[in-house]
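Here is entry22.txt, consisting of compact mmCIF, C-alpha atoms and all ligand atoms:
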```txt
# COMPACT_ATOMS: atom_id res chain seq x y z
CA MET A 1 -22.85 8.04 -29.77
CA THR A 2 -26.64 7.69 -29.58
CA ASP A 3 -28.72 7.91 -32.76
CA ASN A 4 -30.14 11.17 -31.47
CA ALA A 5 -26.72 12.74 -30.96
CA LYS A 6 -25.69 11.64 -34.46
CA ARG A 7 -28.83 13.12 -35.96
CA PHE A 8 -28.20 16.55 -34.44
CA LEU A 9 -24.50 16.45 -35.23
CA GLU A 10 -25.40 15.93 -38.88
CA LEU A 11 -27.96 18.69 -38.61
CA CYS A 12 -25.44 21.32 -37.53
CA VAL A 13 -23.16 23.13 -39.97
CA THR A 14 -19.84 21.50 -40.91
CA GLY A 15 -17.60 23.99 -39.13
CA VAL A 16 -19.35 23.55 -35.79
CA ARG A 17 -19.34 19.73 -35.91
CA SER A 18 -15.73 19.30 -34.75
CA LEU A 19 -15.41 22.59 -32.87
CA GLN A 20 -13.93 22.63 -29.36
CA PRO A 21 -15.24 25.46 -27.16
CA TYR A 22 -12.82 28.11 -25.90
CA GLN A 23 -11.28 27.15 -22.55
CA ALA A 24 -11.45 30.21 -20.35
CA GLY A 25 -9.47 30.70 -17.16
CA LYS A 26 -11.07 28.98 -14.18
CA PRO A 27 -13.31 31.39 -12.27
CA ILE A 28 -12.50 31.98 -8.58
CA SER A 29 -16.04 31.00 -7.55
CA GLU A 30 -15.67 27.61 -9.27
CA LEU A 31 -12.46 26.76 -7.42
CA GLU A 32 -14.04 27.92 -4.15
CA ARG A 33 -16.88 25.45 -4.74
CA GLU A 34 -14.55 22.62 -5.69
CA LEU A 35 -12.03 22.97 -2.86
CA GLY A 36 -14.07 24.70 -0.18
CA ILE A 37 -11.27 27.22 0.33
CA SER A 38 -11.12 31.00 0.19
CA ASN A 39 -8.27 33.46 -0.38
CA ILE A 40 -7.92 32.33 -3.99
CA ILE A 41 -5.92 34.38 -6.47
CA LYS A 42 -6.52 34.28 -10.20
CA LEU A 43 -3.51 34.82 -12.43
CA ALA A 44 -5.11 33.08 -15.38
CA SER A 45 -6.80 35.65 -17.61
CA ASN A 46 -4.57 38.72 -17.64
CA GLU A 47 -7.15 40.89 -15.88
CA ASN A 48 -6.22 44.17 -14.20
CA PRO A 49 -5.10 43.42 -10.61
CA LEU A 50 -6.08 46.98 -9.58
CA GLY A 51 -9.67 46.37 -10.69
CA PRO A 52 -11.72 48.76 -12.78
CA SER A 53 -11.17 52.51 -12.81
CA PRO A 54 -13.00 54.06 -9.83
CA ALA A 55 -14.56 56.44 -12.35
CA ALA A 56 -16.08 53.48 -14.21
CA ILE A 57 -17.59 52.07 -11.01
CA GLU A 58 -19.07 55.49 -10.23
CA ALA A 59 -20.49 55.83 -13.75
CA VAL A 60 -22.20 52.45 -13.54
CA ARG A 61 -23.79 53.40 -10.19
CA LYS A 62 -24.95 56.71 -11.57
CA HIS A 63 -26.61 55.20 -14.64
CA ALA A 64 -28.12 52.13 -12.96
CA ALA A 65 -31.68 53.50 -13.11
CA GLU A 66 -31.52 53.63 -16.92
CA PHE A 67 -31.34 49.88 -17.44
CA SER A 68 -34.99 49.61 -18.41
CA LEU A 69 -34.09 51.44 -21.61
CA TYR A 70 -32.32 49.88 -24.58
CA PRO A 71 -28.75 51.07 -25.00
CA ASP A 72 -27.78 53.50 -27.75
CA GLY A 73 -27.37 50.97 -30.55
CA ASN A 74 -24.92 53.26 -32.32
CA GLY A 75 -22.86 53.79 -29.18
CA PHE A 76 -22.50 57.43 -30.15
CA ALA A 77 -21.00 58.82 -26.93
CA LEU A 78 -18.37 56.09 -26.63
CA LYS A 79 -17.49 56.24 -30.33
CA ARG A 80 -17.18 60.03 -30.14
CA LEU A 81 -14.58 59.68 -27.35
CA LEU A 82 -12.76 56.86 -29.11
CA ALA A 83 -12.59 58.91 -32.30
CA ASP A 84 -10.91 61.74 -30.37
CA PHE A 85 -8.63 59.31 -28.56
CA HIS A 86 -7.39 57.81 -31.84
CA GLU A 87 -7.59 61.06 -33.82
CA THR A 88 -10.01 59.52 -36.27
CA GLU A 89 -13.71 59.72 -37.15
CA LEU A 90 -16.78 57.84 -35.99
CA ARG A 91 -17.21 56.05 -39.31
CA HIS A 92 -13.99 54.14 -38.67
CA ILE A 93 -15.21 52.59 -35.40
CA THR A 94 -17.21 49.42 -34.68
CA LEU A 95 -18.16 48.64 -31.08
CA GLY A 96 -18.56 45.09 -29.80
CA SER A 97 -19.33 43.20 -26.60
CA GLY A 98 -15.67 42.40 -26.03
CA SER A 99 -13.10 42.21 -28.78
CA ASP A 100 -13.95 38.52 -29.19
CA HIS A 101 -17.31 39.75 -30.47
CA ILE A 102 -15.48 41.87 -33.05
CA LEU A 103 -13.46 38.83 -34.12
CA GLU A 104 -16.70 36.94 -34.59
CA LEU A 105 -18.15 39.77 -36.70
CA ILE A 106 -15.05 39.64 -38.90
CA ALA A 107 -15.46 35.90 -39.45
CA ARG A 108 -19.17 36.30 -40.12
CA ALA A 109 -18.71 39.07 -42.65
CA PHE A 110 -15.62 37.80 -44.47
CA LEU A 111 -15.22 34.03 -44.02
CA CYS A 112 -17.12 30.99 -45.24
CA GLU A 113 -16.48 27.60 -46.84
CA GLY A 114 -14.08 27.85 -49.76
CA ARG A 115 -12.14 30.72 -48.18
CA SER A 116 -9.00 30.44 -46.11
CA VAL A 117 -7.63 32.33 -43.16
CA VAL A 118 -4.02 32.57 -42.01
CA MET A 119 -2.87 32.66 -38.39
CA SER A 120 0.15 31.77 -36.29
CA GLN A 121 0.54 28.47 -34.45
CA TYR A 122 0.55 30.20 -31.05
CA GLY A 123 -1.88 32.93 -32.03
CA PHE A 124 -4.86 33.63 -29.75
CA SER A 125 -7.17 30.58 -29.89
CA ILE A 126 -10.38 32.54 -30.57
CA TYR A 127 -9.16 33.19 -34.15
CA ALA A 128 -9.36 29.49 -34.99
CA ILE A 129 -12.71 29.06 -33.26
CA VAL A 130 -14.53 31.86 -35.11
CA SER A 131 -12.90 30.89 -38.42
CA GLN A 132 -13.78 27.22 -38.14
CA ALA A 133 -17.35 28.02 -37.11
CA ALA A 134 -17.65 30.05 -40.31
CA GLY A 135 -16.43 27.02 -42.29
CA ALA A 136 -13.20 28.60 -43.52
CA GLU A 137 -10.00 26.65 -44.08
CA ILE A 138 -7.49 27.47 -41.34
CA ARG A 139 -3.83 27.81 -42.33
CA MET A 140 -1.91 27.51 -39.11
CA VAL A 141 1.58 28.84 -39.76
CA ALA A 142 4.57 27.61 -37.75
CA ALA A 143 5.77 30.15 -35.19
CA LYS A 144 9.36 31.34 -34.88
CA PRO A 145 11.50 28.73 -33.13
CA ALA A 146 11.93 28.62 -29.34
CA THR A 147 15.53 29.69 -29.95
CA ASP A 148 14.65 32.91 -31.83
CA PRO A 149 16.60 35.67 -30.04
CA ALA A 150 13.96 38.41 -30.44
CA ALA A 151 10.60 36.66 -30.40
CA PRO A 152 10.74 32.99 -29.36
CA TYR A 153 7.48 31.25 -30.36
CA GLY A 154 6.45 34.58 -31.94
CA HIS A 155 4.67 35.30 -35.21
CA ASP A 156 6.71 34.57 -38.34
CA LEU A 157 5.23 37.19 -40.67
CA GLY A 158 7.33 36.02 -43.63
CA ALA A 159 5.94 32.51 -43.34
CA MET A 160 2.43 33.89 -42.85
CA LEU A 161 2.77 35.90 -46.03
CA ALA A 162 3.88 32.78 -47.88
CA ALA A 163 0.78 30.91 -46.67
CA ILE A 164 -1.56 33.40 -48.35
CA ASP A 165 -3.08 32.53 -51.73
CA ASP A 166 -6.12 33.44 -53.83
CA SER A 167 -8.50 31.82 -51.36
CA THR A 168 -7.25 33.85 -48.38
CA ARG A 169 -9.49 36.63 -47.06
CA VAL A 170 -8.25 37.28 -43.52
CA VAL A 171 -4.98 37.16 -41.59
CA PHE A 172 -5.04 37.33 -37.80
CA ILE A 173 -2.08 38.88 -36.02
CA ALA A 174 -2.03 39.53 -32.29
CA ASN A 175 0.44 42.29 -31.53
CA PRO A 176 1.62 41.74 -28.92
CA ASN A 177 0.59 38.10 -28.88
CA ASN A 178 -1.14 36.03 -26.26
CA PRO A 179 0.00 33.47 -25.01
CA THR A 180 3.63 34.18 -25.96
CA GLY A 181 3.90 37.84 -24.90
CA THR A 182 6.02 38.51 -28.00
CA TYR A 183 5.52 41.32 -30.51
CA VAL A 184 6.27 42.06 -34.14
CA THR A 185 8.38 45.15 -34.73
CA ARG A 186 7.41 48.26 -36.67
CA ASP A 187 9.67 47.25 -39.56
CA GLU A 188 8.26 43.73 -39.70
CA LEU A 189 4.68 45.03 -39.58
CA LEU A 190 5.16 47.73 -42.23
CA ASP A 191 6.97 45.34 -44.53
CA PHE A 192 4.13 42.83 -44.13
CA LEU A 193 1.44 45.44 -44.82
CA GLN A 194 3.25 46.63 -47.93
CA ARG A 195 3.59 43.15 -49.35
CA ILE A 196 0.25 41.55 -48.53
CA PRO A 197 -2.38 41.52 -51.33
CA LYS A 198 -4.85 44.39 -50.92
CA ASN A 199 -7.86 42.07 -50.98
CA VAL A 200 -6.76 40.30 -47.78
CA LEU A 201 -7.90 41.83 -44.49
CA VAL A 202 -5.17 42.13 -41.87
CA VAL A 203 -6.64 41.91 -38.38
CA LEU A 204 -4.25 43.41 -35.86
CA ASP A 205 -5.39 42.47 -32.37
CA GLU A 206 -3.91 44.93 -29.87
CA ALA A 207 -5.42 43.67 -26.61
CA TYR A 208 -2.20 44.37 -24.67
CA THR A 209 -0.93 47.43 -26.51
CA GLU A 210 -1.12 49.72 -23.45
CA TYR A 211 1.57 47.66 -21.71
CA VAL A 212 4.16 47.75 -24.48
CA ALA A 213 7.16 50.00 -23.90
CA ALA A 214 9.43 48.80 -26.73
CA ASP A 215 10.71 51.60 -29.00
CA ASP A 216 10.36 49.49 -32.12
CA TYR A 217 6.69 48.65 -31.47
CA GLN A 218 4.07 50.28 -33.69
CA GLU A 219 0.37 50.65 -32.88
CA GLY A 220 -1.90 50.10 -35.86
CA ALA A 221 -4.44 52.92 -35.41
CA SER A 222 -2.36 55.53 -37.23
CA LEU A 223 -1.77 53.16 -40.17
CA ILE A 224 -5.41 52.71 -41.12
CA GLY A 225 -5.38 55.70 -43.44
CA THR A 226 -2.42 54.25 -45.32
CA PHE A 227 -3.49 50.59 -45.47
CA ASP A 228 -7.21 50.28 -46.14
CA ASN A 229 -7.13 46.49 -45.64
CA LEU A 230 -5.95 46.96 -42.04
CA LEU A 231 -8.37 46.38 -39.19
CA VAL A 232 -7.22 47.11 -35.63
CA VAL A 233 -9.00 45.45 -32.71
CA ARG A 234 -8.79 46.86 -29.19
CA THR A 235 -10.34 45.97 -25.85
CA PHE A 236 -11.32 47.44 -22.49
CA SER A 237 -10.75 44.03 -20.87
CA LYS A 238 -7.07 44.28 -20.04
CA ALA A 239 -5.38 47.55 -18.98
CA TYR A 240 -8.78 49.29 -18.63
CA GLY A 241 -9.95 46.62 -16.19
CA LEU A 242 -13.44 46.01 -17.62
CA ALA A 243 -13.19 42.33 -18.64
CA GLY A 244 -16.47 41.47 -16.92
CA LEU A 245 -18.41 44.13 -18.78
CA ARG A 246 -17.34 43.08 -22.29
CA VAL A 247 -16.34 46.06 -24.42
CA GLY A 248 -14.08 46.01 -27.44
CA TYR A 249 -13.90 47.87 -30.73
CA ALA A 250 -12.44 47.85 -34.20
CA LEU A 251 -10.80 50.63 -36.19
CA ALA A 252 -10.97 50.19 -39.94
CA ASN A 253 -11.80 51.99 -43.14
CA PRO A 254 -15.46 53.12 -43.38
CA VAL A 255 -16.46 50.45 -45.91
CA VAL A 256 -15.17 47.59 -43.79
CA THR A 257 -16.72 49.27 -40.75
CA ASP A 258 -20.08 49.39 -42.50
CA LEU A 259 -19.83 45.69 -43.42
CA LEU A 260 -19.07 44.71 -39.81
CA ASN A 261 -21.95 46.84 -38.63
CA ARG A 262 -24.35 44.94 -40.91
CA VAL A 263 -23.80 41.70 -38.98
CA ARG A 264 -23.58 43.28 -35.53
CA LEU A 265 -26.76 42.80 -33.52
CA ALA A 266 -27.95 46.27 -32.62
CA PHE A 267 -27.53 46.59 -28.87
CA ASN A 268 -23.91 45.64 -28.30
CA PRO A 269 -22.20 46.59 -26.08
CA ASN A 270 -24.84 46.92 -23.37
CA ALA A 271 -25.69 50.18 -21.63
CA LEU A 272 -23.63 49.43 -18.50
CA ALA A 273 -20.61 48.57 -20.58
CA GLN A 274 -20.90 51.75 -22.65
CA VAL A 275 -21.01 54.14 -19.68
CA ALA A 276 -18.20 52.28 -17.91
CA ALA A 277 -15.99 52.37 -20.99
CA ILE A 278 -16.57 56.10 -21.43
CA ALA A 279 -15.46 56.72 -17.84
CA ALA A 280 -12.53 54.32 -18.05
CA LEU A 281 -11.24 55.88 -21.26
CA GLY A 282 -11.11 59.24 -19.50
CA ASP A 283 -9.23 57.90 -16.48
CA HIS A 284 -5.67 58.12 -17.81
CA GLU A 285 -4.31 57.97 -14.28
CA HIS A 286 -5.73 54.50 -13.71
CA VAL A 287 -4.13 53.18 -16.90
CA ARG A 288 -0.84 54.84 -15.96
CA LYS A 289 -0.91 53.20 -12.49
CA THR A 290 -1.81 49.87 -14.05
CA VAL A 291 1.08 49.96 -16.48
CA ALA A 292 3.55 51.11 -13.79
CA LEU A 293 2.45 48.33 -11.44
CA ASN A 294 2.81 45.83 -14.25
CA ARG A 295 6.34 46.97 -15.01
CA GLU A 296 7.38 46.37 -11.39
CA GLY A 297 5.61 43.03 -11.27
CA MET A 298 7.25 41.99 -14.52
CA GLN A 299 10.70 42.68 -13.02
CA GLN A 300 9.77 40.85 -9.82
CA MET A 301 8.58 37.78 -11.74
CA CYS A 302 11.43 37.68 -14.26
CA ALA A 303 13.98 37.88 -11.45
CA ALA A 304 12.21 35.08 -9.57
CA TYR A 305 11.97 32.79 -12.59
CA THR A 306 15.64 33.35 -13.39
CA ASP A 307 16.54 32.63 -9.77
CA MET A 308 14.52 29.39 -9.91
CA GLY A 309 16.28 28.40 -13.12
CA LEU A 310 13.03 28.48 -15.12
CA GLU A 311 13.01 29.43 -18.79
CA TYR A 312 10.37 31.96 -19.77
CA ILE A 313 9.38 33.80 -22.93
CA PRO A 314 10.33 37.49 -22.62
CA SER A 315 7.00 39.34 -22.53
CA VAL A 316 5.88 42.90 -23.26
CA CYS A 317 2.40 42.16 -21.86
CA ASN A 318 0.94 41.62 -18.39
CA PHE A 319 1.68 37.91 -18.25
CA ILE A 320 4.62 35.57 -18.67
CA THR A 321 4.65 32.14 -20.28
CA VAL A 322 7.07 30.05 -18.25
CA LYS A 323 8.40 26.54 -18.70
CA VAL A 324 7.69 24.50 -15.57
CA GLY A 325 8.13 20.91 -16.79
CA ASP A 326 4.95 18.88 -16.36
CA ALA A 327 2.62 21.86 -16.65
CA GLY A 328 -0.55 19.82 -15.99
CA ARG A 329 0.80 18.65 -12.65
CA VAL A 330 2.11 22.08 -11.62
CA PHE A 331 -1.22 23.67 -12.64
CA ASP A 332 -3.11 21.20 -10.44
CA GLU A 333 -0.81 21.68 -7.47
CA LEU A 334 -1.08 25.45 -7.74
CA LEU A 335 -4.88 25.11 -7.87
CA ARG A 336 -4.84 23.13 -4.66
CA GLU A 337 -2.93 26.03 -3.10
CA GLY A 338 -5.59 28.46 -4.32
CA ILE A 339 -3.65 29.90 -7.27
CA ILE A 340 -5.27 29.76 -10.69
CA THR A 341 -2.91 29.89 -13.69
CA ARG A 342 -3.39 28.96 -17.35
CA PRO A 343 -2.18 25.67 -18.82
CA LEU A 344 -1.27 25.93 -22.50
CA ALA A 345 -1.87 22.34 -23.60
CA PRO A 346 -4.59 23.56 -26.02
CA TYR A 347 -1.71 25.32 -27.86
CA GLY A 348 0.46 22.21 -27.72
CA LEU A 349 2.71 23.80 -25.09
CA THR A 350 2.50 21.05 -22.48
CA GLU A 351 5.47 22.23 -20.43
CA HIS A 352 4.40 25.87 -20.12
CA LEU A 353 2.01 27.82 -17.92
CA ARG A 354 0.85 31.33 -18.71
CA ILE A 355 0.77 33.34 -15.52
CA SER A 356 -0.59 36.89 -15.24
CA ILE A 357 1.29 39.58 -13.34
CA GLY A 358 -0.69 40.31 -10.18
CA LEU A 359 -0.34 42.62 -7.20
CA PRO A 360 3.12 42.45 -5.54
CA GLU A 361 1.81 40.26 -2.69
CA GLU A 362 0.05 37.95 -5.16
CA ASN A 363 3.27 37.61 -7.13
CA ARG A 364 5.16 36.82 -3.91
CA ARG A 365 2.66 34.12 -2.98
CA LEU A 366 2.93 32.62 -6.46
CA ILE A 367 6.73 32.62 -6.27
CA SER A 368 6.95 30.96 -2.85
CA THR A 369 4.30 28.36 -3.78
CA LEU A 370 6.01 27.58 -7.07
CA ARG A 371 9.36 27.20 -5.29
CA ARG A 372 7.81 24.68 -2.92
CA ILE A 373 6.12 22.70 -5.70
CA LEU A 374 9.20 22.60 -7.93
CA GLY A 375 11.76 22.32 -5.12
CA ALA A 376 13.53 25.29 -6.73
C1 LIG B 1 -7.71 39.00 -23.74
C2 LIG B 1 -7.55 39.09 -25.20
C3 LIG B 1 -8.51 39.72 -25.98
C4 LIG B 1 -9.64 40.42 -25.32
O1 LIG B 1 -10.78 39.72 -25.35
P1 LIG B 1 -12.13 40.46 -24.95
O2 LIG B 1 -13.11 39.66 -25.69
O3 LIG B 1 -12.05 41.86 -25.41
O4 LIG B 1 -12.24 40.35 -23.47
C5 LIG B 1 -8.34 39.80 -27.34
N1 LIG B 1 -7.25 39.31 -27.93
C6 LIG B 1 -6.28 38.73 -27.21
C7 LIG B 1 -5.05 38.27 -27.90
C8 LIG B 1 -6.41 38.59 -25.83
O5 LIG B 1 -5.46 38.00 -25.13
```

Once you've parsed the file, please lay out its structure as structure tokens.
Ligand SMILES: *Cc1c(COP(=O)(O)O)cnc(C)c1O
Amino acid sequence: MTDNAKRFLELCVTGVRSLQPYQAGKPISELERELGISNIIKLASNENPLGPSPAAIEAVRKHAAEFSLYPDGNGFALKRLLADFHETELRHITLGSGSDHILELIARAFLCEGRSVVMSQYGFSIYAIVSQAAGAEIRMVAAKPATDPAAPYGHDLGAMLAAIDDSTRVVFIANPNNPTGTYVTRDELLDFLQRIPKNVLVVLDEAYTEYVAADDYQEGASLIGTFDNLLVVRTFSKAYGLAGLRVGYALANPVVTDLLNRVRLAFNPNALAQVAAIAALGDHEHVRKTVALNREGMQQMCAAYTDMGLEYIPSVCNFITVKVGDAGRVFDELLREGIITRPLAPYGLTEHLRISIGLPEENRRLISTLRRILGA
């Protein structure tokens, strides 16, 4: 390392010094540049294969001339609709530019050096990034074993509870979880909320909640009145198909909401994102189609993996984490065939790929390519 690099490394805050940036799914345009090929499919970031709601596209067109004006910094219109949607009030809602922005606000408002945060080994990697940047001590709790009948590699809430002590301020739970596709049940969640100390914030990240059909799954929104240390995070990036526009939000008690709002820079999400989210939230039909398509694709993919003799983690989301052997090699070979998937080495899962459910023809192309690569 040069003297200059050392000097700036020492200049930056402790948490950032050893931070590794989030590894996003490879963009289609990047692979096009690298390989000089077209007809690429991306099954790497759990985006909506149907695209955005047509109503959202129309809304963005209609409001395009307003972009010289600052957005409504309070996001009134969107919050009003969200309040109705969740049968709550505006003072429970914080808007962000993507739910990752909300996660960052949580870390900024509640974490610092000397405080600890609890998360699961295979929990969404952004939790560790925002926590470490804030200087907090990360308690990474072992996941349930691969052999667990209900939730292999899933969150072990009992062990997470045991990891909490006086220094703990925040617990991150993705329900359902990415990258495992597993969920915690209503009973597990309620038991956890009843037992956790009241001065620890429970962040329940529900990015994939629209896809879950399990009877014993419980959404968090209706529990906020009962548990005032519960904070639910939702996004428009997945089933609502607006990942590129960056809109997410939190539901929490009004005091926590006010604290998050203090560290939120005023004009998030941007004006485009706000009008698109309003339209998308009203387009129930698009979400219904998205979920129905996903259910079919899930059956198609599970059947294919079983037929190929591949183990996979049963998923309630719009992706499946599947064991392919040397995942780095299979990832590279799929890339060369124009299919982008997600390697999970950053999570220590070197034999698994996370692959989103796509359109039926995309799924078919993935299956036939994977068969060729694996000789299965
Ligand atoms: C995709 C995802 C999000 C959503 O991120 P955005 O910043 O809203 O796009 C949040 N949490 C999990 C677990 C996810 O997989």

**Q.** Shell around Ile126 (chain A) at 9 Å using all atoms listed in the file, local window under 6 positions removed, as a PyMOL selection string
**A.** chain A and resi 22+100+103-104

Write out as a PDB file with C-alpha atoms, in the coordinates of the input which residues come within 10 Å of Leu335 (chain A) when counting all atoms listed in the file, dropping same-chain ones fewer than 4 positions away.
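Result file is around-v9.pdb:
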```pdb
ATOM      1  CA  LYS A  26     -11.070  28.980 -14.180  1.00  0.00           C
ATOM      2  CA  LEU A  31     -12.460  26.760  -7.420  1.00  0.00           C
ATOM      3  CA  LEU A  35     -12.030  22.970  -2.860  1.00  0.00           C
ATOM      4  CA  ILE A  40      -7.920  32.330  -3.990  1.00  0.00           C
ATOM      5  CA  ILE A  41      -5.920  34.380  -6.470  1.00  0.00           C
ATOM      6  CA  LYS A  42      -6.520  34.280 -10.200  1.00  0.00           C
ATOM      7  CA  ARG A 329       0.800  18.650 -12.650  1.00  0.00           C
ATOM      8  CA  VAL A 330       2.110  22.080 -11.620  1.00  0.00           C
ATOM      9  CA  PHE A 331      -1.220  23.670 -12.640  1.00  0.00           C
ATOM     10  CA  ILE A 339      -3.650  29.900  -7.270  1.00  0.00           C
ATOM     11  CA  ILE A 340      -5.270  29.760 -10.690  1.00  0.00           C
ATOM     12  CA  THR A 341      -2.910  29.890 -13.690  1.00  0.00           C
TER      13      THR A 341
END
```

Q: Write out as a ChimeraX atom specification each polymer residue (protein, DNA or RNA) that has an atom no more than 8 Å from ligand LIG 1 (chain B), with all atoms listed in the file counted.
A: /A:45-46,97-101,123-124,126,174-179,205-208,233-238,243-244,246-248

Q: Tell me, in Å to one decimal, how far CA of Val291 (chain A) is from CA of Glu89 (chain A).
A: 27.2 Å

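Proximity of A:Gln299, A:Gln121, A:Asn261, A:Asn74 to Gln274 (chain A), computed with only C-alpha atoms, is greatest for A:Asn74.
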
Q.
For a cutoff of 10 Å around the file-coordinate point (-0.5, 35.8, -48.3), which residues qualify once you count all atoms listed in the file? I'd like the result as a ChimeraX atom specification.
A. /A:117-118,157-171,192,195-198,200

Centre and edges of the region 260-266 of chain A box, axis-aligned, 4 Å extra per side, as AutoDock Vina command-line options:
```
--center_x -23.5 --center_y 44.3 --center_z -36.8 --size_x 16.9 --size_y 13.1 --size_z 16.3
```

Q) Around (5.5, 44.8, -20.0) in the file's frame, which residues reach within 6 Å when counting all atoms listed in the file? Return as a ChimeraX atom specification? A) /A:211-212,295,316-318

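When all atoms listed in the file are used to measure the gap to Ala55 (chain A), the shortest distance among A:Asp283, A:Tyr122, A:Gln300, A:Tyr217 belongs to A:Asp283.
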
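Using only C-alpha atoms, the smallest distance between any of A:Gly309, A:Pro343, A:Pro360, A:Gly338 and Glu296 (chain A) comes from A:Pro360.
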
N, CA and C atoms are what I want for region 330-346 of chain A; can you complete it accordingly and write them as a PDB file, in the frame of the given file?
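Okay, result14.pdb is ready:
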```pdb
ATOM      1  N   VAL A 330       1.846  20.839 -12.350  1.00  0.00           N
ATOM      2  CA  VAL A 330       2.110  22.080 -11.620  1.00  0.00           C
ATOM      3  C   VAL A 330       0.831  22.933 -11.540  1.00  0.00           C
ATOM      4  N   PHE A 331       0.068  22.955 -12.625  1.00  0.00           N
ATOM      5  CA  PHE A 331      -1.220  23.670 -12.640  1.00  0.00           C
ATOM      6  C   PHE A 331      -2.127  23.145 -11.525  1.00  0.00           C
ATOM      7  N   ASP A 332      -2.246  21.810 -11.453  1.00  0.00           N
ATOM      8  CA  ASP A 332      -3.110  21.200 -10.440  1.00  0.00           C
ATOM      9  C   ASP A 332      -2.632  21.504  -9.027  1.00  0.00           C
ATOM     10  N   GLU A 333      -1.322  21.437  -8.824  1.00  0.00           N
ATOM     11  CA  GLU A 333      -0.810  21.680  -7.470  1.00  0.00           C
ATOM     12  C   GLU A 333      -0.994  23.139  -7.072  1.00  0.00           C
ATOM     13  N   LEU A 334      -0.822  24.043  -8.029  1.00  0.00           N
ATOM     14  CA  LEU A 334      -1.080  25.450  -7.740  1.00  0.00           C
ATOM     15  C   LEU A 334      -2.559  25.674  -7.409  1.00  0.00           C
ATOM     16  N   LEU A 335      -3.434  25.001  -8.145  1.00  0.00           N
ATOM     17  CA  LEU A 335      -4.880  25.110  -7.870  1.00  0.00           C
ATOM     18  C   LEU A 335      -5.177  24.714  -6.441  1.00  0.00           C
ATOM     19  N   ARG A 336      -4.587  23.601  -6.021  1.00  0.00           N
ATOM     20  CA  ARG A 336      -4.840  23.130  -4.660  1.00  0.00           C
ATOM     21  C   ARG A 336      -4.375  24.135  -3.622  1.00  0.00           C
ATOM     22  N   GLU A 337      -3.408  24.981  -4.003  1.00  0.00           N
ATOM     23  CA  GLU A 337      -2.930  26.030  -3.100  1.00  0.00           C
ATOM     24  C   GLU A 337      -3.704  27.327  -3.298  1.00  0.00           C
ATOM     25  N   GLY A 338      -4.744  27.274  -4.131  1.00  0.00           N
ATOM     26  CA  GLY A 338      -5.590  28.460  -4.320  1.00  0.00           C
ATOM     27  C   GLY A 338      -5.061  29.450  -5.332  1.00  0.00           C
ATOM     28  N   ILE A 339      -4.183  28.994  -6.240  1.00  0.00           N
ATOM     29  CA  ILE A 339      -3.650  29.900  -7.270  1.00  0.00           C
ATOM     30  C   ILE A 339      -4.048  29.380  -8.656  1.00  0.00           C
ATOM     31  N   ILE A 340      -4.807  30.182  -9.373  1.00  0.00           N
ATOM     32  CA  ILE A 340      -5.270  29.760 -10.690  1.00  0.00           C
ATOM     33  C   ILE A 340      -4.351  30.338 -11.769  1.00  0.00           C
ATOM     34  N   THR A 341      -3.752  29.459 -12.570  1.00  0.00           N
ATOM     35  CA  THR A 341      -2.910  29.890 -13.690  1.00  0.00           C
ATOM     36  C   THR A 341      -3.520  29.311 -14.969  1.00  0.00           C
ATOM     37  N   ARG A 342      -2.826  29.446 -16.088  1.00  0.00           N
ATOM     38  CA  ARG A 342      -3.390  28.960 -17.350  1.00  0.00           C
ATOM     39  C   ARG A 342      -2.501  27.927 -18.012  1.00  0.00           C
ATOM     40  N   PRO A 343      -2.959  26.675 -18.098  1.00  0.00           N
ATOM     41  CA  PRO A 343      -2.180  25.670 -18.820  1.00  0.00           C
ATOM     42  C   PRO A 343      -2.294  25.921 -20.317  1.00  0.00           C
ATOM     43  N   LEU A 344      -1.265  25.615 -21.076  1.00  0.00           N
ATOM     44  CA  LEU A 344      -1.270  25.930 -22.500  1.00  0.00           C
ATOM     45  C   LEU A 344      -1.294  24.682 -23.381  1.00  0.00           C
ATOM     46  N   ALA A 345      -1.753  23.572 -22.817  1.00  0.00           N
ATOM     47  CA  ALA A 345      -1.870  22.340 -23.600  1.00  0.00           C
ATOM     48  C   ALA A 345      -2.728  22.541 -24.859  1.00  0.00           C
ATOM     49  N   PRO A 346      -3.812  23.358 -24.801  1.00  0.00           N
ATOM     50  CA  PRO A 346      -4.590  23.560 -26.020  1.00  0.00           C
ATOM     51  C   PRO A 346      -3.743  24.147 -27.175  1.00  0.00           C
TER      52      PRO A 346
END
```
